[in-house]
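Participant: This is the content of run_9.pdb (PDB, C-alpha atoms and all ligand atoms):
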ATOM      1  CA  MET A   1      18.360  74.018 -51.557  1.00  0.00           C
ATOM      2  CA  VAL A   2      17.894  70.288 -51.190  1.00  0.00           C
ATOM      3  CA  GLY A   3      14.297  69.243 -50.500  1.00  0.00           C
ATOM      4  CA  GLN A   4      13.089  66.602 -48.098  1.00  0.00           C
ATOM      5  CA  LYS A   5      12.749  63.959 -50.825  1.00  0.00           C
ATOM      6  CA  GLU A   6      16.348  64.431 -51.993  1.00  0.00           C
ATOM      7  CA  MET A   7      17.578  64.295 -48.400  1.00  0.00           C
ATOM      8  CA  PHE A   8      15.660  61.039 -47.837  1.00  0.00           C
ATOM      9  CA  PHE A   9      17.296  59.489 -50.916  1.00  0.00           C
ATOM     10  CA  GLU A  10      20.760  60.535 -49.703  1.00  0.00           C
ATOM     11  CA  ILE A  11      20.148  59.023 -46.281  1.00  0.00           C
ATOM     12  CA  TRP A  12      18.813  55.858 -47.873  1.00  0.00           C
ATOM     13  CA  ASP A  13      22.051  55.505 -49.854  1.00  0.00           C
ATOM     14  CA  GLU A  14      24.284  56.209 -46.855  1.00  0.00           C
ATOM     15  CA  ARG A  15      22.829  54.127 -44.049  1.00  0.00           C
ATOM     16  CA  PRO A  16      22.108  50.463 -43.283  1.00  0.00           C
ATOM     17  CA  LYS A  17      18.567  49.653 -44.414  1.00  0.00           C
ATOM     18  CA  VAL A  18      17.325  48.411 -41.050  1.00  0.00           C
ATOM     19  CA  CYS A  19      15.050  49.862 -38.394  1.00  0.00           C
ATOM     20  CA  THR A  20      17.293  51.572 -35.822  1.00  0.00           C
ATOM     21  CA  ILE A  21      14.898  50.509 -33.036  1.00  0.00           C
ATOM     22  CA  CYS A  22      13.889  46.883 -33.669  1.00  0.00           C
ATOM     23  CA  TYR A  23      16.512  46.017 -36.365  1.00  0.00           C
ATOM     24  CA  ASN A  24      13.933  44.729 -38.851  1.00  0.00           C
ATOM     25  CA  PRO A  25      15.173  45.044 -42.434  1.00  0.00           C
ATOM     26  CA  LEU A  26      13.452  47.839 -44.357  1.00  0.00           C
ATOM     27  CA  GLY A  27      13.630  46.236 -47.792  1.00  0.00           C
ATOM     28  CA  ASN A  28      14.832  47.927 -50.954  1.00  0.00           C
ATOM     29  CA  GLU A  29      12.293  50.725 -51.415  1.00  0.00           C
ATOM     30  CA  PRO A  30      12.798  53.987 -49.470  1.00  0.00           C
ATOM     31  CA  ASN A  31       9.227  54.557 -48.282  1.00  0.00           C
ATOM     32  CA  ALA A  32       8.602  58.002 -46.806  1.00  0.00           C
ATOM     33  CA  TRP A  33       7.396  56.524 -43.498  1.00  0.00           C
ATOM     34  CA  PHE A  34      10.857  55.018 -42.824  1.00  0.00           C
ATOM     35  CA  PHE A  35      12.230  58.513 -42.175  1.00  0.00           C
ATOM     36  CA  SER A  36      11.513  59.636 -38.640  1.00  0.00           C
ATOM     37  CA  HIS A  37      12.271  63.190 -37.492  1.00  0.00           C
ATOM     38  CA  THR A  38      13.926  62.953 -34.068  1.00  0.00           C
ATOM     39  CA  ILE A  39      12.518  66.369 -33.161  1.00  0.00           C
ATOM     40  CA  GLY A  40       9.331  67.202 -35.034  1.00  0.00           C
ATOM     41  CA  LYS A  41       9.408  69.366 -38.126  1.00  0.00           C
ATOM     42  CA  GLY A  42       6.272  71.178 -36.898  1.00  0.00           C
ATOM     43  CA  ALA A  43       7.778  72.376 -33.614  1.00  0.00           C
ATOM     44  CA  TYR A  44      11.364  72.591 -34.924  1.00  0.00           C
ATOM     45  CA  PRO A  45      11.061  73.610 -38.588  1.00  0.00           C
ATOM     46  CA  ALA A  46      14.656  74.819 -38.981  1.00  0.00           C
ATOM     47  CA  PHE A  47      15.884  71.222 -38.512  1.00  0.00           C
ATOM     48  CA  LYS A  48      13.411  69.703 -40.969  1.00  0.00           C
ATOM     49  CA  LEU A  49      16.162  69.183 -43.536  1.00  0.00           C
ATOM     50  CA  ARG A  50      19.026  68.175 -41.195  1.00  0.00           C
ATOM     51  CA  LYS A  51      20.179  64.618 -41.749  1.00  0.00           C
ATOM     52  CA  LYS A  52      21.160  64.316 -38.091  1.00  0.00           C
ATOM     53  CA  ASN A  53      17.492  64.877 -37.247  1.00  0.00           C
ATOM     54  CA  ILE A  54      16.389  61.791 -39.221  1.00  0.00           C
ATOM     55  CA  ASP A  55      16.365  58.182 -37.974  1.00  0.00           C
ATOM     56  CA  LEU A  56      15.440  55.185 -40.097  1.00  0.00           C
ATOM     57  CA  MET A  57      12.550  53.278 -38.517  1.00  0.00           C
ATOM     58  CA  CYS A  58      10.076  50.649 -39.658  1.00  0.00           C
ATOM     59  CA  ALA A  59       6.443  51.742 -39.897  1.00  0.00           C
ATOM     60  CA  ASN A  60       5.580  50.253 -36.481  1.00  0.00           C
ATOM     61  CA  CYS A  61       8.425  51.914 -34.592  1.00  0.00           C
ATOM     62  CA  HIS A  62       7.926  55.239 -36.374  1.00  0.00           C
ATOM     63  CA  HIS A  63       4.228  55.166 -35.488  1.00  0.00           C
ATOM     64  CA  LEU A  64       5.022  54.382 -31.844  1.00  0.00           C
ATOM     65  CA  TYR A  65       7.555  57.203 -31.683  1.00  0.00           C
ATOM     66  CA  ASP A  66       5.262  59.828 -33.229  1.00  0.00           C
ATOM     67  CA  HIS A  67       1.817  58.806 -32.006  1.00  0.00           C
ATOM     68  CA  SER A  68       2.317  56.626 -28.895  1.00  0.00           C
ATOM     69  CA  THR A  69       5.281  58.443 -27.423  1.00  0.00           C
ATOM     70  CA  HIS A  70       4.301  57.513 -23.853  1.00  0.00           C
ATOM     71  CA  VAL A  71       4.514  53.822 -24.871  1.00  0.00           C
ATOM     72  CA  ALA A  72       7.780  54.285 -26.771  1.00  0.00           C
ATOM     73  CA  LYS A  73       9.296  55.844 -23.630  1.00  0.00           C
ATOM     74  CA  THR A  74       8.758  52.549 -21.790  1.00  0.00           C
ATOM     75  CA  ILE A  75      10.651  50.521 -24.435  1.00  0.00           C
ATOM     76  CA  ALA A  76      14.395  50.287 -23.816  1.00  0.00           C
ATOM     77  CA  ASN A  77      15.331  50.257 -27.509  1.00  0.00           C
ATOM     78  CA  PHE A  78      13.922  53.774 -27.888  1.00  0.00           C
ATOM     79  CA  GLY A  79      16.117  55.151 -25.078  1.00  0.00           C
ATOM     80  CA  TRP A  80      18.835  56.565 -27.330  1.00  0.00           C
ATOM     81  CA  VAL A  81      16.277  58.372 -29.535  1.00  0.00           C
ATOM     82  CA  PHE A  82      14.819  60.300 -26.601  1.00  0.00           C
ATOM     83  CA  LYS A  83      18.346  61.193 -25.412  1.00  0.00           C
ATOM     84  CA  LYS A  84      19.219  62.324 -28.929  1.00  0.00           C
ATOM     85  CA  ALA A  85      16.008  64.398 -29.052  1.00  0.00           C
ATOM     86  CA  GLU A  86      17.069  66.263 -25.878  1.00  0.00           C
ATOM     87  CA  ARG A  87      20.490  66.993 -27.422  1.00  0.00           C
ATOM     88  CA  LEU A  88      18.941  68.203 -30.672  1.00  0.00           C
ATOM     89  CA  LYS A  89      16.495  70.488 -28.829  1.00  0.00           C
ATOM     90  CA  GLN A  90      19.452  72.135 -27.071  1.00  0.00           C
ATOM     91  CA  GLN A  91      21.281  72.503 -30.397  1.00  0.00           C
ATOM     92  CA  TYR A  92      18.108  73.882 -31.955  1.00  0.00           C
ATOM     93  CA  ASN A  93      17.679  76.533 -29.273  1.00  0.00           C
ATOM     94  CA  TRP A  94      21.335  77.525 -29.635  1.00  0.00           C
ATOM     95  CA  TYR A  95      20.949  77.700 -33.386  1.00  0.00           C
ATOM     96  CA  ILE A  96      17.838  79.876 -33.223  1.00  0.00           C
ATOM     97  CA  ARG A  97      19.406  82.278 -30.684  1.00  0.00           C
ATOM     98  CA  ASN A  98      22.564  82.685 -32.737  1.00  0.00           C
ATOM     99  CA  ARG A  99      20.814  82.863 -36.066  1.00  0.00           C
ATOM    100  CA  LEU A 100      18.767  85.796 -34.728  1.00  0.00           C
ATOM    101  CA  LEU A 101      21.976  87.405 -33.474  1.00  0.00           C
ATOM    102  CA  VAL A 102      23.626  87.074 -36.878  1.00  0.00           C
ATOM    103  CA  ASP A 103      20.514  88.421 -38.619  1.00  0.00           C
ATOM    104  CA  SER A 104      20.380  91.502 -36.375  1.00  0.00           C
ATOM    105  CA  ARG A 105      24.101  92.217 -36.916  1.00  0.00           C
ATOM    106  CA  LEU A 106      23.666  92.029 -40.670  1.00  0.00           C
ATOM    107  CA  LYS A 107      20.816  94.566 -40.470  1.00  0.00           C
ATOM    108  CA  HIS A 108      23.078  97.136 -38.791  1.00  0.00           C
ATOM    109  CA  GLN A 109      25.849  96.963 -41.367  1.00  0.00           C
TER     110      GLN A 109
HETATM  111 ZN    ZN A 201      11.189  48.888 -36.007  1.00  0.00          ZN
END
Written as structure tokens, how would this file's structure read?
Facilitator:
Amino acid sequence: MVGQKEMFFEIWDERPKVCTICYNPLGNEPNAWFFSHTIGKGAYPAFKLRKKNIDLMCANCHHLYDHSTHVAKTIANFGWVFKKAERLKQQYNWYIRNRLLVDSRLKHQ
């Protein structure tokens, strides 16, 4: 099982090192605060370690997204993130429903 730190390093190697919102360069060090969960790991723990649920953001944009969401929603550059979050929530609900289905089938074998 790959942990969050390992996943962050993989993403850092794979993606352009710029903020996906304001396009500021992120430098050469993969700081933990560059890795923004599109849908929160508290409310959606099963997607905590999904790369598709991580967006690279500078500290300012990440802070806006997590802690001033009502402000972020008024900024056009954030539009795609909120659309992506809606998609991921639907995928999450599908995943949870079907995972429970698979688990209950396994129990009856
Ligand atoms: Zn930014």
Participant: Find, counting all atoms listed in the file, the residue in A:Tyr44, A:Trp12, A:Phe82, A:Tyr65 that gets nearest to Asn28 (chain A).
Facilitator: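 Of the candidates, the smallest distance to Asn28 (chain A) is held by A:Trp12.
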Participant: Pick the closest to ligand ZN 201 (chain A) from A:His37, A:Trp80, A:Tyr23, A:Pro30: which is it, counting only C-alpha atoms and all ligand atoms?
Facilitator: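 Among A:His37, A:Trp80, A:Tyr23, A:Pro30, it is A:Tyr23 that comes nearest to ligand ZN 201 (chain A).
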Participant: Do you know which residues are within 12 Å of ligand ZN 201 (chain A) using all atoms listed in the file? Can you write them as a list in words?
Facilitator: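 If we count all atoms listed in the file, the neighbours of ligand ZN 201 (chain A) turn out to be Lys17, Val18, Cys19, Thr20, Ile21, Cys22, Tyr23, Asn24, Pro25, Leu26, Trp33, Phe34, Phe35, Ser36, Asp55, Leu56, Met57, Cys58, Ala59, Asn60, Cys61, His62, His63, Leu64, Tyr65, Ala72, Ile75, Asn77 and Phe78 of chain A.
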Participant: For the residues in that selection, give me C-alpha atoms as a PDB file, in the coordinates of the input.
Facilitator:
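The result, stored in part18.pdb:
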ATOM      1  CA  LYS A  17      18.567  49.653 -44.414  1.00  0.00           C
ATOM      2  CA  VAL A  18      17.325  48.411 -41.050  1.00  0.00           C
ATOM      3  CA  CYS A  19      15.050  49.862 -38.394  1.00  0.00           C
ATOM      4  CA  THR A  20      17.293  51.572 -35.822  1.00  0.00           C
ATOM      5  CA  ILE A  21      14.898  50.509 -33.036  1.00  0.00           C
ATOM      6  CA  CYS A  22      13.889  46.883 -33.669  1.00  0.00           C
ATOM      7  CA  TYR A  23      16.512  46.017 -36.365  1.00  0.00           C
ATOM      8  CA  ASN A  24      13.933  44.729 -38.851  1.00  0.00           C
ATOM      9  CA  PRO A  25      15.173  45.044 -42.434  1.00  0.00           C
ATOM     10  CA  LEU A  26      13.452  47.839 -44.357  1.00  0.00           C
ATOM     11  CA  TRP A  33       7.396  56.524 -43.498  1.00  0.00           C
ATOM     12  CA  PHE A  34      10.857  55.018 -42.824  1.00  0.00           C
ATOM     13  CA  PHE A  35      12.230  58.513 -42.175  1.00  0.00           C
ATOM     14  CA  SER A  36      11.513  59.636 -38.640  1.00  0.00           C
ATOM     15  CA  ASP A  55      16.365  58.182 -37.974  1.00  0.00           C
ATOM     16  CA  LEU A  56      15.440  55.185 -40.097  1.00  0.00           C
ATOM     17  CA  MET A  57      12.550  53.278 -38.517  1.00  0.00           C
ATOM     18  CA  CYS A  58      10.076  50.649 -39.658  1.00  0.00           C
ATOM     19  CA  ALA A  59       6.443  51.742 -39.897  1.00  0.00           C
ATOM     20  CA  ASN A  60       5.580  50.253 -36.481  1.00  0.00           C
ATOM     21  CA  CYS A  61       8.425  51.914 -34.592  1.00  0.00           C
ATOM     22  CA  HIS A  62       7.926  55.239 -36.374  1.00  0.00           C
ATOM     23  CA  HIS A  63       4.228  55.166 -35.488  1.00  0.00           C
ATOM     24  CA  LEU A  64       5.022  54.382 -31.844  1.00  0.00           C
ATOM     25  CA  TYR A  65       7.555  57.203 -31.683  1.00  0.00           C
ATOM     26  CA  ALA A  72       7.780  54.285 -26.771  1.00  0.00           C
ATOM     27  CA  ILE A  75      10.651  50.521 -24.435  1.00  0.00           C
ATOM     28  CA  ASN A  77      15.331  50.257 -27.509  1.00  0.00           C
ATOM     29  CA  PHE A  78      13.922  53.774 -27.888  1.00  0.00           C
TER      30      PHE A  78
END
Participant: What does the structure give for the distance between CA of Val81 (chain A) and CA of Thr38 (chain A), in Å to one decimal?
Facilitator: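 Result for CA of Val81 (chain A) versus CA of Thr38 (chain A): 6.9 Å, one decimal.
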Participant: When you draw a straight line from CA of Lys51 (chain A) to CA of Ile11 (chain A), how long is it in Å?
Facilitator: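 CA of Ile11 (chain A) lies at a distance of 7.2 Å from CA of Lys51 (chain A).
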Participant: Between A:Phe8, A:Glu14, A:Gly40, A:Gly3, which residue has the minimum interatomic distance to His67 (chain A), considering all atoms listed in the file?
Facilitator: A:Gly40
Participant: As a check of understanding, name the residues that the PyMOL selection byres (((chain A and resi 87-97) around 12) and not hetatm) selects in the supplied structure, as a PyMOL selection string.
Facilitator: chain A and resi 37-41+43-48+50-54+80-86+98-104
Participant: Can you measure CA of Glu29 (chain A) to CA of Met7 (chain A) for me? One decimal in Å is fine.
Facilitator: 14.9 Å
